[in-house]
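Take a look at the structure set out below.
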Amino acid sequence: MTTPDPGGPTPSGLVGPGERPERPDTLRSVIRTIGEVLMTAGLVVLLFVVYEVYVTDLVSAGKQREATTALDDRWKSDPAAAPEDPERVERFQGLAEGSGFAKMYVPAFGTDYSFTIIEGTTEKTLEIGPGHYTGTAYPGEPGNFAVAGHRVGKGAPFNDVDLLNSCDAIVVETHYSWFVYRVLPKSEEVAGWAAGKGADPRCRGVSPLGGPYAQVVGQEIVAPSQGAVIAPVPGQLGAEASVGEQATLMTLTTCHPRFSDRERLIVHAVMVQQWAKDPAKPGETPPELKETS
């Protein structure tokens with residue numbers, strides 16, 4: 001009869017002389033579980049970021065192309081009119097939610113920066129491109145032409161609007177015209193504007209606004225509840241400027257900071273130039289489009 005090796009495993013889980021029973025390492029199990037949970041959560045967050053930043057960009061790019069094609073086709077189907085033709089009238093009233101009606105260029109962002117502006121600011125509409133706040137002015141009209149856009153994902157048309165400087169051009173193309181807006185002086189530039197940056201030739205037509213617009217500057221950060229930034233007189237709901245004082249403005253709004261909707265980043269610009277399209281020169285563009293960085 002053989003004798004079991006005392007150094008080997010004990011059969012049937014029996015505890016040999018001088019041995020302690022094996023117990024699970026509770027702390028190690030808890031740490032392992034927490035680690036697995038954190039890894040899973042991190043993967044979920046990573047996938048969400050990839051979806052929000054890249055996948056939605058691709059989807060929105062397709063929708064933007066469709067909107068641009070539809071707008072181009074509509075402009076081509078409408079016979080060109082000479083500048084002196086009384087029928088040459090921009091028609092914005094009655095635009096359907098989600099339809100494109102103008103194009104927006106920011107030369108400082110490069111020659112490839114171009115977005116068709118869509119009517120409305122619903123979530124579905126903003127997935128197509130920058131959206132016009134219904135009820136605000138249209139391109140070239142006195143008042144405040146206000147446009148919203150995403151800053152991250154869904155095409156991110158306003159991703160870099162915080163980089164806009166005073167006097168940078170925002171060019172809006174409609175069926176018959178090009179409207180040139182330029183960013184107003186920032187708050188720290190107002191004092192001494194004329195002798196400072198205001199002397200730059202590109203700043204012609206741009207200066208701190210007076211009268212009811214005295215508090216309107218080129219860039220500001222506000223709470224989401226401050227909807228008055230898109231009012232005809234930005235910052236003053238219900239205020240109306242006299243005919244002689246009325247400005248023609250454009251306002252861009254987007255979330256701030258990136259990846260957050262805690263606040264809103266606002267850019268205000270003033271119209272300084274209108275170029276009428278010449279049907280005899282269909283490829284002609286305004287000189288402001290060449291002001292690329």
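Within each chain, counting starts at residue 1; across the structure tokens, chains are named A, B, ... in the order shown, with ligands numbered 1 upward in that order.
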- request: Extract the full set of strand (DSSP E) residues from stretch 75-221 of chain A according to DSSP on the backbone, and format it as an MDAnalysis selection string.
  value: chainID A and resid 100:105 114:119 131:132 143:148 169:173 177:183 219:221
Atoms kept (N, CA and C atoms) for selection, written as a compact mmCIF listing (two decimals), in the first residue's frame:
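Below is the file out-v3.txt, written as the result:
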# COMPACT_ATOMS: atom_id res chain seq x y z
N GLY A 100 -32.79 75.05 -47.97
CA GLY A 100 -31.66 75.97 -48.09
C GLY A 100 -32.05 77.20 -48.88
N PHE A 101 -31.49 78.36 -48.51
CA PHE A 101 -31.85 79.58 -49.23
C PHE A 101 -30.67 80.51 -49.47
N ALA A 102 -29.51 80.23 -48.89
CA ALA A 102 -28.34 81.08 -49.08
C ALA A 102 -27.09 80.26 -48.78
N LYS A 103 -25.94 80.81 -49.13
CA LYS A 103 -24.67 80.15 -48.83
C LYS A 103 -23.80 81.10 -48.00
N MET A 104 -23.02 80.49 -47.13
CA MET A 104 -22.19 81.27 -46.21
C MET A 104 -20.72 80.89 -46.41
N TYR A 105 -19.87 81.91 -46.51
CA TYR A 105 -18.43 81.72 -46.67
C TYR A 105 -17.70 82.53 -45.60
N SER A 114 -17.53 76.58 -46.96
CA SER A 114 -18.79 76.99 -47.59
C SER A 114 -19.91 76.11 -47.07
N PHE A 115 -20.98 76.73 -46.60
CA PHE A 115 -22.14 75.99 -46.11
C PHE A 115 -23.42 76.61 -46.62
N THR A 116 -24.35 75.77 -47.01
CA THR A 116 -25.68 76.25 -47.35
C THR A 116 -26.43 76.49 -46.05
N ILE A 117 -27.04 77.66 -45.93
CA ILE A 117 -27.81 78.02 -44.74
C ILE A 117 -29.23 77.50 -44.90
N ILE A 118 -29.71 76.84 -43.84
CA ILE A 118 -31.01 76.17 -43.86
C ILE A 118 -32.02 76.98 -43.04
N GLU A 119 -33.27 76.96 -43.45
CA GLU A 119 -34.31 77.65 -42.70
C GLU A 119 -34.69 76.84 -41.46
N GLY A 131 -28.38 76.95 -39.32
CA GLY A 131 -29.81 77.21 -39.43
C GLY A 131 -30.18 78.65 -39.10
N HIS A 132 -31.07 79.20 -39.91
CA HIS A 132 -31.54 80.57 -39.71
C HIS A 132 -32.65 80.60 -38.66
N GLY A 143 -31.90 94.93 -39.47
CA GLY A 143 -32.24 94.08 -38.34
C GLY A 143 -31.10 93.13 -38.05
N ASN A 144 -31.42 91.92 -37.64
CA ASN A 144 -30.39 90.97 -37.21
C ASN A 144 -30.62 89.62 -37.88
N PHE A 145 -29.81 89.30 -38.86
CA PHE A 145 -29.84 88.01 -39.55
C PHE A 145 -29.09 87.02 -38.66
N ALA A 146 -29.82 86.18 -37.92
CA ALA A 146 -29.22 85.31 -36.91
C ALA A 146 -29.18 83.86 -37.37
N VAL A 147 -28.03 83.22 -37.16
CA VAL A 147 -27.78 81.85 -37.65
C VAL A 147 -27.13 81.03 -36.55
N ALA A 148 -27.62 79.82 -36.33
CA ALA A 148 -27.06 78.90 -35.34
C ALA A 148 -26.33 77.76 -36.05
N ALA A 169 -14.29 88.85 -42.62
CA ALA A 169 -15.48 88.87 -43.46
C ALA A 169 -16.30 87.59 -43.31
N ILE A 170 -17.62 87.75 -43.32
CA ILE A 170 -18.57 86.65 -43.44
C ILE A 170 -19.39 86.99 -44.69
N VAL A 171 -19.23 86.21 -45.73
CA VAL A 171 -19.87 86.51 -47.01
C VAL A 171 -21.07 85.60 -47.20
N VAL A 172 -22.21 86.20 -47.47
CA VAL A 172 -23.45 85.45 -47.67
C VAL A 172 -23.90 85.62 -49.12
N GLU A 173 -24.07 84.51 -49.80
CA GLU A 173 -24.51 84.52 -51.20
C GLU A 173 -25.99 84.17 -51.29
N SER A 177 -27.43 88.29 -55.09
CA SER A 177 -26.44 89.19 -54.47
C SER A 177 -25.42 88.45 -53.61
N TRP A 178 -24.36 89.18 -53.31
CA TRP A 178 -23.38 88.79 -52.31
C TRP A 178 -23.43 89.87 -51.22
N PHE A 179 -23.62 89.45 -49.97
CA PHE A 179 -23.65 90.40 -48.86
C PHE A 179 -22.40 90.16 -48.00
N VAL A 180 -21.68 91.23 -47.74
CA VAL A 180 -20.45 91.11 -46.96
C VAL A 180 -20.67 91.72 -45.57
N TYR A 181 -20.56 90.85 -44.57
CA TYR A 181 -20.61 91.29 -43.17
C TYR A 181 -19.20 91.21 -42.60
N ARG A 182 -18.88 92.09 -41.68
CA ARG A 182 -17.58 92.02 -41.00
C ARG A 182 -17.79 92.05 -39.49
N VAL A 183 -16.98 91.25 -38.80
CA VAL A 183 -17.11 91.12 -37.35
C VAL A 183 -16.82 92.46 -36.68
N GLN A 219 -17.72 89.76 -30.10
CA GLN A 219 -17.82 88.42 -29.54
C GLN A 219 -18.20 88.49 -28.08
N GLU A 220 -19.07 87.58 -27.66
CA GLU A 220 -19.46 87.50 -26.26
C GLU A 220 -19.88 86.08 -25.92
N ILE A 221 -19.85 85.76 -24.63
CA ILE A 221 -20.28 84.45 -24.14
C ILE A 221 -21.44 84.70 -23.18
message: Quick one: residues within 12 Å of A:Glu123, only C-alpha atoms, excluding same-chain residues fewer than 3 positions away - as number ranges by chain?
response: A: 60, 97-98, 118-120, 126-131, 148-150, 154
- request: Just the residues within 12 Å of A:Thr111, please, counting only C-alpha atoms, with nothing from its chain fewer than 5 positions along; format it as a list in words.
  value: Met104, Tyr105, Val106, Val171, Glu288, Leu289, Lys290, Glu291, Thr292 and Ser293 of chain A
Using N, CA and C atoms, can you write the selected residues to a file as a PDB file, in the first residue's frame?
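Done, and the output landed in out-v8.pdb:
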ATOM      1  N   MET A 104     -23.019  80.494 -47.132  1.00  0.00           N
ATOM      2  CA  MET A 104     -22.190  81.265 -46.213  1.00  0.00           C
ATOM      3  C   MET A 104     -20.721  80.893 -46.406  1.00  0.00           C
ATOM      4  N   TYR A 105     -19.873  81.908 -46.515  1.00  0.00           N
ATOM      5  CA  TYR A 105     -18.430  81.715 -46.672  1.00  0.00           C
ATOM      6  C   TYR A 105     -17.701  82.530 -45.598  1.00  0.00           C
ATOM      7  N   VAL A 106     -16.630  81.949 -45.065  1.00  0.00           N
ATOM      8  CA  VAL A 106     -15.765  82.679 -44.138  1.00  0.00           C
ATOM      9  C   VAL A 106     -14.345  82.576 -44.703  1.00  0.00           C
ATOM     10  N   VAL A 171     -19.228  86.210 -45.727  1.00  0.00           N
ATOM     11  CA  VAL A 171     -19.870  86.515 -47.007  1.00  0.00           C
ATOM     12  C   VAL A 171     -21.074  85.604 -47.198  1.00  0.00           C
ATOM     13  N   GLU A 288     -13.795  89.966 -51.510  1.00  0.00           N
ATOM     14  CA  GLU A 288     -13.640  89.546 -50.095  1.00  0.00           C
ATOM     15  C   GLU A 288     -13.366  88.043 -49.954  1.00  0.00           C
ATOM     16  N   LEU A 289     -13.790  87.266 -50.939  1.00  0.00           N
ATOM     17  CA  LEU A 289     -13.561  85.814 -50.855  1.00  0.00           C
ATOM     18  C   LEU A 289     -12.074  85.462 -50.967  1.00  0.00           C
ATOM     19  N   LYS A 290     -11.272  86.413 -51.380  1.00  0.00           N
ATOM     20  CA  LYS A 290      -9.836  86.155 -51.507  1.00  0.00           C
ATOM     21  C   LYS A 290      -9.073  86.467 -50.213  1.00  0.00           C
ATOM     22  N   GLU A 291      -9.769  86.905 -49.188  1.00  0.00           N
ATOM     23  CA  GLU A 291      -9.109  87.271 -47.928  1.00  0.00           C
ATOM     24  C   GLU A 291      -8.864  86.039 -47.060  1.00  0.00           C
ATOM     25  N   THR A 292      -8.272  85.018 -47.630  1.00  0.00           N
ATOM     26  CA  THR A 292      -7.993  83.796 -46.883  1.00  0.00           C
ATOM     27  C   THR A 292      -6.735  83.956 -46.066  1.00  0.00           C
ATOM     28  N   SER A 293      -6.666  83.202 -44.961  1.00  0.00           N
ATOM     29  CA  SER A 293      -5.493  83.264 -44.092  1.00  0.00           C
ATOM     30  C   SER A 293      -4.360  82.439 -44.662  1.00  0.00           C
TER      31      SER A 293
END
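The coordinates place atom CA of A:Leu249 at 12.5 Å from atom CA of A:Gly205.
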message: Quick check, in Å to one decimal: how far apart do atom CA of A:Glu188 and atom CA of A:Gln246 lie?
response: 24.0 Å
